[in-house]
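J.: Just dropping this structure here.
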Amino acid sequence: MKDKNVLDFSAVEPYCVLKAIAHNLWMVIFAGVIGLLAATMILNVTVTPQYSSSMTLVVSARSGASTYYSDTTAAGQTAATFSELLQSSLMKNIVAKEMGVSSISGSISASQVGDTNLITVTATADNPKEAFLIVKAVENNYAEVSDYISRTAVLRVLDSPSVSTSAYNNSDIKRNAKISGLVCAGLMLVAILWIFISRDTVQNREGAKRKLDARILTVIPHEYDRGKKLVKGFDRRKRRSENLLINAPTRSYGFCESMRMISARLEHEKEKGSSVFMFTSITESEGKSTVSANTAISLCNKGYKVLLIDVDTRKPAQKKLLLKDTDLFEDFGAMFENESFTPEEIVNKAYRIKLYGLDILANAKPYLSVLDKLSSDRMAEIIKLAKKKYDYVIVDTPPMGYFADSEVMSEYVDAAVLVVRQDIVPADDINEGIDSLKLGGADMLGVILNDVRYLFQSNSVYGYGYGYGRSKKGYGYGYGYSNSQKN
């Protein structure tokens with residue numbers, strides 16, 4: 001068995017990586033901007049601005065025929081000699097005297113311009129005026145020392161010096177600040193990726209097989225909201241829920257096939273004597289209600305008598321998924337709390353949805369305090385009677401991470417199915433839920449990996465080419481619990 005603590009890149013889905021980066025892209029940009037601004041402030045305080053001023057001299061032979069080669073050679077020799085002279089005390093004293101100061105604080109140098117007969121004399125100082133005055137002093141006095149430079153060359157001024165308007169090392173400050181910004185953005189990106197990896201969520205089938213202590217029943221692909229392009233006047237929220245059911249004509253082949261695989265698995269378990277199945281999840285919005293509803297419909301399509309019980313009474317979803325506002329059904333939560341309704345009467349009052357041939361015990365509104373009654377013999381009797389009357393009983397329970405209802409219900413059902421949505425819950429939390437279900441009275445049938453998206457089509461489960469879409473509100477975005485309902 002593979003070591004679960006070792007990073008296996010086959011268990012990392014590139015789509016999930018890009019989604020994490022895109023979701024936290026603002027943090028990367030923010031870190032880059034902060035790094036840029038901080039580096040700019042620090043460099044402006046610690047780095048002294050340097051200004052430069054320069055002039056250009058033309059070198060030509062003093063006597064005889066002047067050629068390009070002779071002038072270029074003379075320029076190279078003169079530049080080297082001139083640079084040494086500019087560093088000498090003789091020239092510095094002359095320049096200081098011209099400027100009216102005891103000594104110059106800037107620096108001065110001479111260099112040949114490429115393979116030409118031109119020489120550039122450049123002075124640098126802490127302020128533009130001083131740099132200009134240094135070069136100007138050299139321009140006014142270089143003739144006095146020309147014999148020290150070269151006896152065979154003549155120097156003429158081509159371009160006189162001018163006062164610089166900006167520090168020449170400003171570009172270095174800007175470049176270093178940009179580099180700092182990029183480094184900070186890169187570090188934030190690394191931190192995001194590290195957190196992403198540390199979360200250790202389940203992202204694909206390979207990851208589920210490696211990380212989870214249960215068999216993988218199937219992988220359900222992501223379904224985008226094909227119902228959003230509707231005629232004006234329709235209730236999009238209601239229509240979207242209906243379009244998530246396998247009988248909707250807009251559903252993809254891969255989505256419907258994955259649901260049929262689940263029902264086929266339940267048929268196999270039926271041969272072993274199991275007919276009551278519980279669907280649960282670790283946290284909210286993992287799509288367990290939609291999966292359980294579609295599984296029930298798939299079984300009805302095969303001619304079986306099926307009862308769907310919505311035990312998630314705190315946040316019931318089956319009414320929104322399967323029933324219309326005009327449907328007159330008995331409220332399961334109300335009947336369950338009312339002791340005058342016997343378990344047999346409750347089962348017999350299940351509402352028949354003619355469109356699917358499915359019987360359902362649904363809740364018209366939330367019921368917040370039912371845990372004590374769920375653990376009573378009353379629920380056990382309802383399940384027992386339903387098992388005798390129907391071929392299959394599908395039970396939709398609350399998320400395990402919030403309430404203990406699922407652990408209670410596992411004592412009454414034959415088998416449990418855990419719905420896990422891609423890249424939501426850490427694998428350790430999922431395994432804890434699996435262990436809790438195994439400790440109950442039901443058989444842990446397996447895990448359904450739900451709402452799976454792939455960056456590359458070749459990674460898909462079926463490979464028939466159906467699209468996953470780009471809608472932000474795709475399949476598996478269930479409902480949420482408020483803070484008050486969690487308590």
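By order of appearance in the structure tokens: chains A, B, ..., then residues from 1 within every chain, and ligands from 1 in the order shown.
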Extract, using only C-alpha atoms, all DNA, RNA and protein residues at most 7 Å from Val425 in chain A, discarding same-chain residues fewer than 4 positions from it, and format them as a VMD selection string.
T.: chain A and resid 201 429 to 430
J.: Keeping C-alpha atoms for every residue in the selection just given, could you write it to a file as a short mmCIF file (atom, residue, chain, number, x, y, z; two decimals), in the first residue's frame?
T.:
```
data_model
loop_
_atom_site.label_atom_id
_atom_site.label_comp_id
_atom_site.auth_asym_id
_atom_site.auth_seq_id
_atom_site.Cartn_x
_atom_site.Cartn_y
_atom_site.Cartn_z
CA THR A 201 -7.95 17.06 -0.36
CA ASP A 429 -11.56 14.28 7.82
CA ILE A 430 -13.13 12.02 5.22
#
```
J.: Ranking A:Cys256, A:Val145, A:Ala208, A:Leu36 by minimum distance to Cys184 in chain A and counting only C-alpha atoms, which one comes first?
T.: A:Leu36
J.: Calculated over only C-alpha atoms, which of the candidates A:Leu266, A:Leu307, A:Ala167, A:Leu328 has the smallest distance to Ala416 in chain A?
T.: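 Answer, going by the shortest atom-to-atom distance: A:Leu266.
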J.: Taking 3 positions as the minimum chain separation for residues in the same chain, which residues sit within 6 Å of Ser258 in chain A when counting only C-alpha atoms? Answer as a list in words.
T.: Ile220, Phe255 and Met261 of chain A
J.: Next, write the just-selected residues to a file, as a CSV table (one decimal), in the first residue's frame, keeping C-alpha atoms as the atom set.
T.:
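Writing done, so here's selection_19.csv:
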```csv
chain,number,residue,atom,x,y,z
A,220,ILE,CA,-19.4,12.0,-11.2
A,255,PHE,CA,-23.4,12.6,-15.8
A,261,MET,CA,-23.5,3.1,-12.2
```
J.: By how many Å are CA of Ile448 in chain A and CA of Arg215 in chain A apart?
T.: 8.9 Å
J.: Counting only C-alpha atoms, figure out which residue out of A:Asp396, A:Ile195, A:Asn141, A:Lys438 gets nearest to Ala20 in chain A.
T.: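 Checking each candidate against Ala20 in chain A, we get A:Ile195 as the closest.
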J.: Which neighbours of Asn348 in chain A fall inside 10 Å, counting only C-alpha atoms, when residues of the same chain fewer than 6 positions from it are skipped, and could you give them as a list in words?
T.: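 Residues near the query, excluding close chain neighbours: Thr342, Asp359, Leu361, Leu385, Ala386 and Lys389 of chain A.
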J.: Which one of A:Leu212, A:Asn294, A:Ala380, A:Pro366 sits closest to Leu418 in chain A if you count only C-alpha atoms?
T.: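 Smallest distance to Leu418 in chain A is found for A:Leu212.
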J.: Counting only C-alpha atoms, what is within 10 Å of Gly440 in chain A, bar same-chain residues fewer than 3 positions away, as a PyMOL selection string?
T.: chain A and resi 406-413+415-416+435-437+443-444
J.: What gap, in Å, lies between CA of Thr397 in chain A and CA of Leu449 in chain A?
T.: 17.4 Å
J.: As an NGL selection string, please: all residues of range 18-234 of chain A that backbone DSSP puts in strand (DSSP E or B).
T.: :A and (51-61 or 107-112 or 118-125 or 153-159 or 201 or 216-221)
J.: Next, dump the selected residues to file, keeping only N, CA and C atoms, as a short mmCIF file (atom, residue, chain, number, x, y, z; two decimals), in the first residue's frame.
T.:
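Written file, part.cif:
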```cif
data_model
loop_
_atom_site.label_atom_id
_atom_site.label_comp_id
_atom_site.auth_asym_id
_atom_site.auth_seq_id
_atom_site.Cartn_x
_atom_site.Cartn_y
_atom_site.Cartn_z
N TYR A 51 24.21 61.71 -9.93
CA TYR A 51 23.98 62.46 -11.16
C TYR A 51 25.26 62.46 -11.98
N SER A 52 25.09 62.49 -13.27
CA SER A 52 26.26 62.48 -14.15
C SER A 52 26.14 63.58 -15.20
N SER A 53 27.30 64.00 -15.66
CA SER A 53 27.38 64.96 -16.75
C SER A 53 28.57 64.55 -17.61
N SER A 54 28.48 64.75 -18.90
CA SER A 54 29.56 64.29 -19.77
C SER A 54 29.75 65.22 -20.96
N MET A 55 30.91 65.10 -21.56
CA MET A 55 31.19 65.80 -22.82
C MET A 55 31.91 64.83 -23.74
N THR A 56 31.86 65.12 -25.03
CA THR A 56 32.47 64.24 -26.03
C THR A 56 33.60 64.98 -26.75
N LEU A 57 34.75 64.31 -26.84
CA LEU A 57 35.92 64.87 -27.50
C LEU A 57 36.22 64.08 -28.77
N VAL A 58 36.73 64.77 -29.78
CA VAL A 58 37.17 64.14 -31.02
C VAL A 58 38.69 64.11 -31.03
N VAL A 59 39.24 62.92 -31.32
CA VAL A 59 40.69 62.74 -31.36
C VAL A 59 41.13 62.66 -32.83
N SER A 60 42.14 63.43 -33.19
CA SER A 60 42.71 63.37 -34.55
C SER A 60 44.23 63.48 -34.44
N ALA A 61 44.92 63.01 -35.48
CA ALA A 61 46.38 63.05 -35.49
C ALA A 61 46.87 64.49 -35.48
N SER A 107 33.50 61.92 -8.89
CA SER A 107 34.49 61.13 -9.62
C SER A 107 34.43 61.48 -11.10
N ILE A 108 35.54 61.23 -11.80
CA ILE A 108 35.61 61.58 -13.21
C ILE A 108 36.43 60.52 -13.92
N SER A 109 36.03 60.23 -15.17
CA SER A 109 36.72 59.21 -15.95
C SER A 109 36.57 59.52 -17.44
N ALA A 110 37.40 58.84 -18.26
CA ALA A 110 37.34 59.00 -19.71
C ALA A 110 37.35 57.62 -20.35
N SER A 111 36.60 57.46 -21.45
CA SER A 111 36.52 56.17 -22.14
C SER A 111 36.29 56.40 -23.62
N GLN A 112 36.80 55.46 -24.43
CA GLN A 112 36.61 55.52 -25.87
C GLN A 112 35.21 55.04 -26.21
N LEU A 118 36.23 58.89 -30.88
CA LEU A 118 35.55 59.73 -29.90
C LEU A 118 35.89 59.27 -28.48
N ILE A 119 35.99 60.25 -27.59
CA ILE A 119 36.24 60.00 -26.17
C ILE A 119 35.15 60.70 -25.37
N THR A 120 34.59 59.99 -24.41
CA THR A 120 33.59 60.58 -23.52
C THR A 120 34.20 60.80 -22.15
N VAL A 121 34.11 62.01 -21.64
CA VAL A 121 34.56 62.35 -20.29
C VAL A 121 33.31 62.49 -19.42
N THR A 122 33.23 61.70 -18.39
CA THR A 122 32.02 61.65 -17.54
C THR A 122 32.38 61.92 -16.09
N ALA A 123 31.59 62.77 -15.45
CA ALA A 123 31.75 63.05 -14.02
C ALA A 123 30.48 62.66 -13.29
N THR A 124 30.60 62.08 -12.11
CA THR A 124 29.44 61.72 -11.27
C THR A 124 29.58 62.39 -9.92
N ALA A 125 28.42 62.83 -9.38
CA ALA A 125 28.41 63.51 -8.08
C ALA A 125 27.04 63.34 -7.45
N ALA A 153 48.38 63.47 -30.76
CA ALA A 153 46.95 63.61 -30.99
C ALA A 153 46.45 64.97 -30.56
N VAL A 154 45.41 65.40 -31.23
CA VAL A 154 44.77 66.68 -30.93
C VAL A 154 43.33 66.40 -30.47
N LEU A 155 42.90 67.05 -29.37
CA LEU A 155 41.55 66.88 -28.82
C LEU A 155 40.70 68.11 -29.13
N ARG A 156 39.49 67.86 -29.61
CA ARG A 156 38.54 68.93 -29.85
C ARG A 156 37.20 68.55 -29.22
N VAL A 157 36.53 69.55 -28.66
CA VAL A 157 35.23 69.30 -28.02
C VAL A 157 34.16 69.16 -29.09
N LEU A 158 33.44 68.03 -29.06
CA LEU A 158 32.32 67.80 -29.97
C LEU A 158 30.99 68.17 -29.33
N ASP A 159 30.75 67.69 -28.10
CA ASP A 159 29.53 68.01 -27.35
C ASP A 159 29.92 68.53 -25.98
N THR A 201 -6.59 17.41 0.03
CA THR A 201 -7.95 17.06 -0.36
C THR A 201 -7.94 15.99 -1.45
N ILE A 216 -14.00 3.16 -4.12
CA ILE A 216 -14.55 4.26 -4.91
C ILE A 216 -15.64 3.68 -5.81
N LEU A 217 -16.88 4.07 -5.56
CA LEU A 217 -18.00 3.53 -6.32
C LEU A 217 -18.03 4.10 -7.74
N THR A 218 -17.89 5.41 -7.86
CA THR A 218 -17.87 6.04 -9.17
C THR A 218 -17.38 7.47 -9.02
N VAL A 219 -17.12 8.09 -10.17
CA VAL A 219 -16.73 9.50 -10.22
C VAL A 219 -17.77 10.24 -11.05
N ILE A 220 -18.39 11.25 -10.47
CA ILE A 220 -19.42 12.02 -11.17
C ILE A 220 -18.78 13.29 -11.73
N PRO A 221 -18.87 13.50 -13.04
CA PRO A 221 -18.26 14.70 -13.64
C PRO A 221 -19.05 15.95 -13.31
#
```
J.: Please list as a PyMOL selection string every residue within 8 Å of Ala177 in chain A, counting only C-alpha atoms and excluding residues in the same chain fewer than 4 positions away.
T.: chain A and resi 35-37+39-40+43+173+181
J.: Pick out the closest residue to Ala143 in chain A from this set: A:Val12, A:Ala75, A:Ile94, A:Val190. Count only C-alpha atoms.
T.: A:Ile94
J.: Of the candidates A:Ile104, A:Met335, A:Leu374, A:Ile192, which shows the shortest atom-to-atom distance to Met27 in chain A, using only C-alpha atoms?
T.: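 Under the stated criterion, the closest residue is A:Ile192.
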J.: Identify, on the basis of only C-alpha atoms, every residue whose closest approach to Arg260 in chain A does not exceed 8 Å; exclude the query and any residue fewer than 4 positions from it along the same chain; express the result as JSON, numbers by chain.
T.: {"A": [256, 264, 295, 298]}
J.: Could you pull out the residues in range 397-443 of chain A that DSSP calls helix (DSSP H, G or I) from the backbone, as a list in words?
T.: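 The helix (DSSP H, G or I) subset of range 397-443 of chain A is Asp405, Ser406, Glu407, Val408, Met409, Ala427, Asp428, Asp429, Ile430, Asn431, Glu432, Gly433, Ile434, Asp435, Ser436, Leu437, Lys438 and Leu439 of chain A.
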